[in-house]
Amino acid sequence: MAEKHCCQQDHHSELAQHHSGDAVCVDHVSFSYVPGVRILESVTMHIPRGTRLGIVGPNGGGKSTLLKLILGLLRPGEGRISVFGRTPHQACAASMIGYVPQRHDVEIAFPLSVAQVVRQGIVGRTGMFRRAGADDRRAAAEALEQVGIADLAAKPVGDLSGGQQQRVFLARALAARPRLLVLDEPLVGIDEVGQAKFARLMDAVHRTYELTVLIVSHDLRAIVAGCDQVACLNRRLHFHDAPAGLTREVLAEVFNHNLAGVALQGEGP
């Protein structure tokens, strides 16, 4: 896929000249945890505003590392990343990014109610020691309503099912009214019925909040079915385009195994 454009190398020029159609610009990014061993190598990817992008790839292929770079938790060894024309750190500080972590990364046994967990999402906007204003409290209540769990607001989050907990953390991310929503393996531990419900919910959230959505998942079927664009990552970016253009040859190269059981868009049974 031909590059749409490159981000400017100079940081100040980058912020001034960032393409208005891009939510996220990843420009020739490489990263190593250990010197000489690259987890990511010269990854360039531009995510238009309003797009739902799914990133797939094998374990150890760099998906989580790229996600952490976009969230500003890591810094590229080479290259640059911008989010709505800002550095990832600046975008996070401005509550432009909502993040839904993997459920196993979240402590769910703590004695907080659903409403208390969701209100954590507005801390970045209000500060740790400032009382939430009426608009922020309204945003948290609207997020609970949007994901369909307003009736569970008083329940301990640890008492909920896996699918309900996922909705809680989605509401927490939405409460800050972000422009970019990032989800890390959102369907892990959720059965097929729950996955279908979550897909419908994400469609509604995408429309209502006019979000750009970035989903990292190993579930290829869910990504192909629910995203406008797909990126295949295994250290390098092997593919970034509409799901209809994804081929078995690309997937075999990325995942390095037989994909006979996977049905792609445009193929027969």
# chains A, B, ... in the order shown; residues from 1 in each chain; ligands from 1
$ select_by_dssp --residues "range 37-182 of chain A" --states "strand (DSSP E or B)" --output "VMD selection string"
chain A and resid 37 to 48 52 to 56 78 to 83 86 97 to 100 113 156 180 to 182
$ write_last_selection --atoms "N, CA and C atoms" --output "short mmCIF file (atom, residue, chain, number, x, y, z; two decimals), in the first residue's frame"
data_model
loop_
_atom_site.label_atom_id
_atom_site.label_comp_id
_atom_site.auth_asym_id
_atom_site.auth_seq_id
_atom_site.Cartn_x
_atom_site.Cartn_y
_atom_site.Cartn_z
N VAL A 37 18.26 -6.09 19.16
CA VAL A 37 17.14 -7.01 18.91
C VAL A 37 15.87 -6.17 18.73
N ARG A 38 15.48 -5.96 17.49
CA ARG A 38 14.36 -5.08 17.20
C ARG A 38 13.03 -5.82 17.33
N ILE A 39 12.16 -5.25 18.15
CA ILE A 39 10.79 -5.75 18.26
C ILE A 39 9.95 -5.18 17.13
N LEU A 40 10.20 -3.92 16.77
CA LEU A 40 9.55 -3.27 15.63
C LEU A 40 10.64 -2.72 14.72
N GLU A 41 10.39 -2.81 13.42
CA GLU A 41 11.39 -2.36 12.47
C GLU A 41 10.74 -1.50 11.38
N SER A 42 11.05 -0.21 11.41
CA SER A 42 10.64 0.76 10.38
C SER A 42 9.16 0.65 10.03
N VAL A 43 8.31 0.74 11.06
CA VAL A 43 6.86 0.66 10.86
C VAL A 43 6.31 2.04 10.52
N THR A 44 5.62 2.15 9.39
CA THR A 44 4.96 3.38 8.98
C THR A 44 3.49 3.08 8.73
N MET A 45 2.63 3.84 9.39
CA MET A 45 1.20 3.57 9.31
C MET A 45 0.44 4.85 9.63
N HIS A 46 -0.57 5.17 8.82
CA HIS A 46 -1.39 6.35 9.06
C HIS A 46 -2.84 5.93 9.21
N ILE A 47 -3.45 6.37 10.28
CA ILE A 47 -4.83 5.98 10.60
C ILE A 47 -5.73 7.20 10.41
N PRO A 48 -6.57 7.22 9.37
CA PRO A 48 -7.47 8.36 9.17
C PRO A 48 -8.46 8.52 10.32
N ARG A 52 -11.89 2.51 11.98
CA ARG A 52 -11.76 1.41 12.93
C ARG A 52 -10.66 0.49 12.39
N LEU A 53 -9.52 0.52 13.04
CA LEU A 53 -8.36 -0.26 12.60
C LEU A 53 -8.13 -1.42 13.54
N GLY A 54 -7.99 -2.62 12.97
CA GLY A 54 -7.62 -3.79 13.75
C GLY A 54 -6.19 -4.18 13.45
N ILE A 55 -5.41 -4.42 14.50
CA ILE A 55 -4.02 -4.87 14.34
C ILE A 55 -3.94 -6.32 14.79
N VAL A 56 -3.49 -7.19 13.88
CA VAL A 56 -3.35 -8.60 14.18
C VAL A 56 -1.91 -9.02 13.93
N GLU A 78 13.66 4.79 17.06
CA GLU A 78 13.80 5.56 15.83
C GLU A 78 12.40 5.93 15.35
N GLY A 79 12.31 7.05 14.64
CA GLY A 79 11.04 7.46 14.07
C GLY A 79 10.21 8.30 15.02
N ARG A 80 8.99 8.64 14.56
CA ARG A 80 8.11 9.51 15.33
C ARG A 80 6.67 9.00 15.28
N ILE A 81 5.93 9.35 16.33
CA ILE A 81 4.50 9.06 16.40
C ILE A 81 3.77 10.33 16.80
N SER A 82 2.67 10.62 16.14
CA SER A 82 1.82 11.73 16.58
C SER A 82 0.37 11.26 16.63
N VAL A 83 -0.38 11.83 17.54
CA VAL A 83 -1.80 11.53 17.73
C VAL A 83 -2.55 12.84 17.67
N ARG A 86 -0.28 15.78 17.99
CA ARG A 86 0.48 15.95 19.23
C ARG A 86 1.32 14.71 19.49
N ILE A 97 -7.05 10.19 24.38
CA ILE A 97 -6.97 8.76 24.17
C ILE A 97 -7.68 8.03 25.30
N GLY A 98 -8.63 7.18 24.93
CA GLY A 98 -9.26 6.28 25.89
C GLY A 98 -8.71 4.88 25.70
N TYR A 99 -8.40 4.22 26.79
CA TYR A 99 -7.71 2.92 26.72
C TYR A 99 -8.49 1.87 27.50
N VAL A 100 -8.77 0.75 26.83
CA VAL A 100 -9.41 -0.40 27.47
C VAL A 100 -8.39 -1.53 27.50
N SER A 113 -17.31 0.03 43.24
CA SER A 113 -18.54 -0.17 42.48
C SER A 113 -18.28 0.15 41.01
N PRO A 156 -20.55 -4.16 42.93
CA PRO A 156 -19.08 -4.30 42.91
C PRO A 156 -18.64 -4.85 41.56
N LEU A 180 -9.65 9.14 20.39
CA LEU A 180 -9.10 7.86 19.96
C LEU A 180 -9.38 6.84 21.05
N LEU A 181 -9.98 5.71 20.67
CA LEU A 181 -10.26 4.64 21.62
C LEU A 181 -9.39 3.45 21.26
N VAL A 182 -8.60 2.98 22.23
CA VAL A 182 -7.66 1.88 22.03
C VAL A 182 -8.10 0.71 22.89
#
$ residues_around --residues "Asn59 in chain A" --least-positions-apart "6" --cutoff "12 Å" --atoms "only C-alpha atoms" --output "PyMOL selection string"
chain A and resi 39+65+185+216-219+233-235+254-256
$ write_last_selection --atoms "N, CA, C and O atoms" --output "mmCIF file, in the first residue's frame"
data_model
loop_
_atom_site.group_PDB
_atom_site.id
_atom_site.type_symbol
_atom_site.label_atom_id
_atom_site.label_comp_id
_atom_site.auth_asym_id
_atom_site.auth_seq_id
_atom_site.Cartn_x
_atom_site.Cartn_y
_atom_site.Cartn_z
ATOM 1 N N ILE A 39 12.157 -5.253 18.153
ATOM 2 C CA ILE A 39 10.792 -5.748 18.264
ATOM 3 C C ILE A 39 9.950 -5.185 17.126
ATOM 4 O O ILE A 39 9.068 -5.861 16.585
ATOM 5 N N THR A 65 3.691 -3.740 21.885
ATOM 6 C CA THR A 65 4.716 -2.703 21.925
ATOM 7 C C THR A 65 4.269 -1.484 21.134
ATOM 8 O O THR A 65 4.411 -0.338 21.591
ATOM 9 N N GLU A 185 -6.983 -6.587 23.064
ATOM 10 C CA GLU A 185 -7.591 -7.919 23.173
ATOM 11 C C GLU A 185 -8.939 -7.861 23.901
ATOM 12 O O GLU A 185 -9.149 -8.496 24.938
ATOM 13 N N VAL A 216 -6.382 -4.103 19.094
ATOM 14 C CA VAL A 216 -5.331 -5.111 18.985
ATOM 15 C C VAL A 216 -5.939 -6.446 19.391
ATOM 16 O O VAL A 216 -6.518 -6.566 20.473
ATOM 17 N N SER A 217 -5.848 -7.437 18.514
ATOM 18 C CA SER A 217 -6.479 -8.723 18.804
ATOM 19 C C SER A 217 -5.799 -9.843 18.036
ATOM 20 O O SER A 217 -5.267 -9.627 16.948
ATOM 21 N N HIS A 218 -5.851 -11.046 18.620
ATOM 22 C CA HIS A 218 -5.389 -12.231 17.898
ATOM 23 C C HIS A 218 -6.545 -12.890 17.158
ATOM 24 O O HIS A 218 -6.353 -13.831 16.395
ATOM 25 N N ASP A 219 -7.780 -12.379 17.385
ATOM 26 C CA ASP A 219 -8.972 -12.972 16.788
ATOM 27 C C ASP A 219 -9.188 -12.382 15.400
ATOM 28 O O ASP A 219 -9.794 -11.321 15.239
ATOM 29 N N LEU A 233 0.948 -7.224 11.620
ATOM 30 C CA LEU A 233 2.233 -6.836 12.175
ATOM 31 C C LEU A 233 2.977 -8.045 12.717
ATOM 32 O O LEU A 233 2.441 -8.795 13.526
ATOM 33 N N ASN A 234 4.182 -8.227 12.248
ATOM 34 C CA ASN A 234 5.110 -9.198 12.822
ATOM 35 C C ASN A 234 6.502 -8.603 12.675
ATOM 36 O O ASN A 234 7.204 -8.847 11.710
ATOM 37 N N ARG A 235 6.822 -7.767 13.636
ATOM 38 C CA ARG A 235 8.047 -6.954 13.638
ATOM 39 C C ARG A 235 8.005 -5.862 12.584
ATOM 40 O O ARG A 235 8.244 -4.706 12.874
ATOM 41 N N VAL A 254 2.730 -13.641 7.837
ATOM 42 C CA VAL A 254 2.705 -13.007 9.150
ATOM 43 C C VAL A 254 2.665 -14.031 10.269
ATOM 44 O O VAL A 254 3.427 -13.966 11.236
ATOM 45 N N PHE A 255 1.754 -14.996 10.145
ATOM 46 C CA PHE A 255 1.538 -15.949 11.231
ATOM 47 C C PHE A 255 2.378 -17.210 11.091
ATOM 48 O O PHE A 255 2.511 -17.984 12.027
ATOM 49 N N ASN A 256 2.881 -17.446 9.884
ATOM 50 C CA ASN A 256 3.771 -18.583 9.645
ATOM 51 C C ASN A 256 3.121 -19.903 10.039
ATOM 52 O O ASN A 256 3.713 -20.749 10.697
#
$ closest_residue --among "A:Leu170, A:Leu73, A:Val224, A:Val188" --to "Leu201 in chain A" --atoms "only C-alpha atoms"
A:Leu170
$ residues_around --residues "Gln195 in chain A" --least-positions-apart "4" --cutoff "12 Å" --atoms "only C-alpha atoms" --output "JSON, numbers by chain"
{"A": [162, 163, 164, 166, 167, 185, 186, 187, 188, 189, 190, 191, 199, 200, 201, 202, 219, 221, 222, 223, 225, 226]}
$ write_last_selection --atoms "N, CA, C and O atoms" --output "CSV table (one decimal), in the first residue's frame"
chain,number,residue,atom,x,y,z
A,162,GLY,N,-17.7,-11.6,32.8
A,162,GLY,CA,-16.6,-11.1,32.0
A,162,GLY,C,-17.0,-10.1,31.0
A,162,GLY,O,-16.4,-9.0,30.8
A,163,GLY,N,-18.2,-10.3,30.3
A,163,GLY,CA,-18.7,-9.4,29.4
A,163,GLY,C,-19.1,-8.1,30.0
A,163,GLY,O,-18.9,-7.0,29.4
A,164,GLN,N,-19.7,-8.1,31.2
A,164,GLN,CA,-20.1,-6.9,31.9
A,164,GLN,C,-18.9,-6.1,32.4
A,164,GLN,O,-18.9,-4.9,32.3
A,166,GLN,N,-16.1,-6.0,30.9
A,166,GLN,CA,-15.5,-5.4,29.7
A,166,GLN,C,-16.3,-4.1,29.4
A,166,GLN,O,-15.7,-3.1,29.0
A,167,ARG,N,-17.6,-4.1,29.6
A,167,ARG,CA,-18.4,-2.9,29.4
A,167,ARG,C,-18.0,-1.8,30.4
A,167,ARG,O,-18.1,-0.6,30.1
A,185,GLU,N,-7.0,-6.6,23.1
A,185,GLU,CA,-7.6,-7.9,23.2
A,185,GLU,C,-8.9,-7.9,23.9
A,185,GLU,O,-9.1,-8.5,24.9
A,186,PRO,N,-9.9,-7.1,23.4
A,186,PRO,CA,-11.2,-6.9,24.1
A,186,PRO,C,-12.1,-8.1,24.2
A,186,PRO,O,-13.0,-8.2,25.0
A,187,LEU,N,-11.8,-9.2,23.4
A,187,LEU,CA,-12.7,-10.3,23.3
A,187,LEU,C,-12.2,-11.5,24.1
A,187,LEU,O,-12.8,-12.6,24.0
A,188,VAL,N,-11.0,-11.4,24.7
A,188,VAL,CA,-10.5,-12.6,25.4
A,188,VAL,C,-11.4,-13.0,26.6
A,188,VAL,O,-11.8,-12.1,27.4
A,189,GLY,N,-11.7,-14.3,26.6
A,189,GLY,CA,-12.5,-14.8,27.7
A,189,GLY,C,-14.0,-14.5,27.6
A,189,GLY,O,-14.8,-14.8,28.5
A,190,ILE,N,-14.4,-14.0,26.4
A,190,ILE,CA,-15.9,-13.8,26.2
A,190,ILE,C,-16.4,-14.8,25.2
A,190,ILE,O,-15.7,-15.0,24.1
A,191,ASP,N,-17.5,-15.4,25.4
A,191,ASP,CA,-18.0,-16.4,24.5
A,191,ASP,C,-18.6,-15.8,23.2
A,191,ASP,O,-18.6,-14.6,23.1
A,199,ALA,N,-19.6,-6.6,19.6
A,199,ALA,CA,-19.4,-6.0,18.2
A,199,ALA,C,-20.5,-5.0,17.9
A,199,ALA,O,-20.2,-3.9,17.4
A,200,ARG,N,-21.8,-5.4,18.3
A,200,ARG,CA,-22.9,-4.4,18.1
A,200,ARG,C,-22.7,-3.2,18.9
A,200,ARG,O,-23.0,-2.0,18.5
A,201,LEU,N,-22.2,-3.4,20.2
A,201,LEU,CA,-22.0,-2.3,21.0
A,201,LEU,C,-20.9,-1.3,20.5
A,201,LEU,O,-21.1,-0.1,20.5
A,202,MET,N,-19.9,-1.9,20.0
A,202,MET,CA,-18.8,-1.1,19.4
A,202,MET,C,-19.3,-0.3,18.2
A,202,MET,O,-18.8,0.9,18.0
A,219,ASP,N,-7.8,-12.4,17.4
A,219,ASP,CA,-9.0,-13.0,16.8
A,219,ASP,C,-9.2,-12.4,15.4
A,219,ASP,O,-9.8,-11.3,15.2
A,221,ARG,N,-11.1,-13.3,12.9
A,221,ARG,CA,-12.4,-13.2,12.4
A,221,ARG,C,-13.1,-11.9,12.9
A,221,ARG,O,-13.8,-11.2,12.2
A,222,ALA,N,-12.9,-11.6,14.2
A,222,ALA,CA,-13.5,-10.4,14.8
A,222,ALA,C,-13.0,-9.2,14.1
A,222,ALA,O,-13.7,-8.2,13.9
A,223,ILE,N,-11.7,-9.2,13.9
A,223,ILE,CA,-11.0,-8.0,13.2
A,223,ILE,C,-11.6,-7.8,11.8
A,223,ILE,O,-11.9,-6.7,11.5
A,225,ALA,N,-14.3,-8.8,10.5
A,225,ALA,CA,-15.7,-8.5,10.5
A,225,ALA,C,-16.1,-7.1,11.0
A,225,ALA,O,-17.0,-6.5,10.6
A,226,GLY,N,-15.3,-6.6,12.0
A,226,GLY,CA,-15.7,-5.3,12.6
A,226,GLY,C,-14.8,-4.1,12.4
A,226,GLY,O,-15.0,-3.1,13.0
$ closest_residue --among "A:Pro58, A:Arg137, A:Pro178, A:Val118" --to "His206 in chain A" --atoms "only C-alpha atoms"
A:Pro178
$ closest_residue --among "A:Asp22, A:Asp135, A:Glu192, A:Glu253" --to "Arg236 in chain A" --atoms "only C-alpha atoms"
A:Glu253
$ closest_residue --among "A:Lys197, A:Arg138, A:Arg248, A:Lys63" --to "Ala176 in chain A" --atoms "only C-alpha atoms"
A:Arg138
$ closest_residue --among "A:Arg49, A:Gly60, A:Ile122, A:Val29" --to "Glu210 in chain A" --atoms "only C-alpha atoms"
A:Arg49
$ atom_distance --atom1 "CA of Asp159 in chain A" --atom2 "CA of Leu71 in chain A"
29.3 Å
$ select_by_dssp --residues "range 21-268 of chain A" --states "helix (DSSP H, G or I)" --output "MDAnalysis selection string"
chainID A and resid 63:70 88:93 103:105 114:126 134:146 150:152 157:159 162:175 192:209 220:226 243:245 248:255
$ atom_distance --atom1 "CA of Leu183 in chain A" --atom2 "CA of Val157 in chain A"
19.0 Å
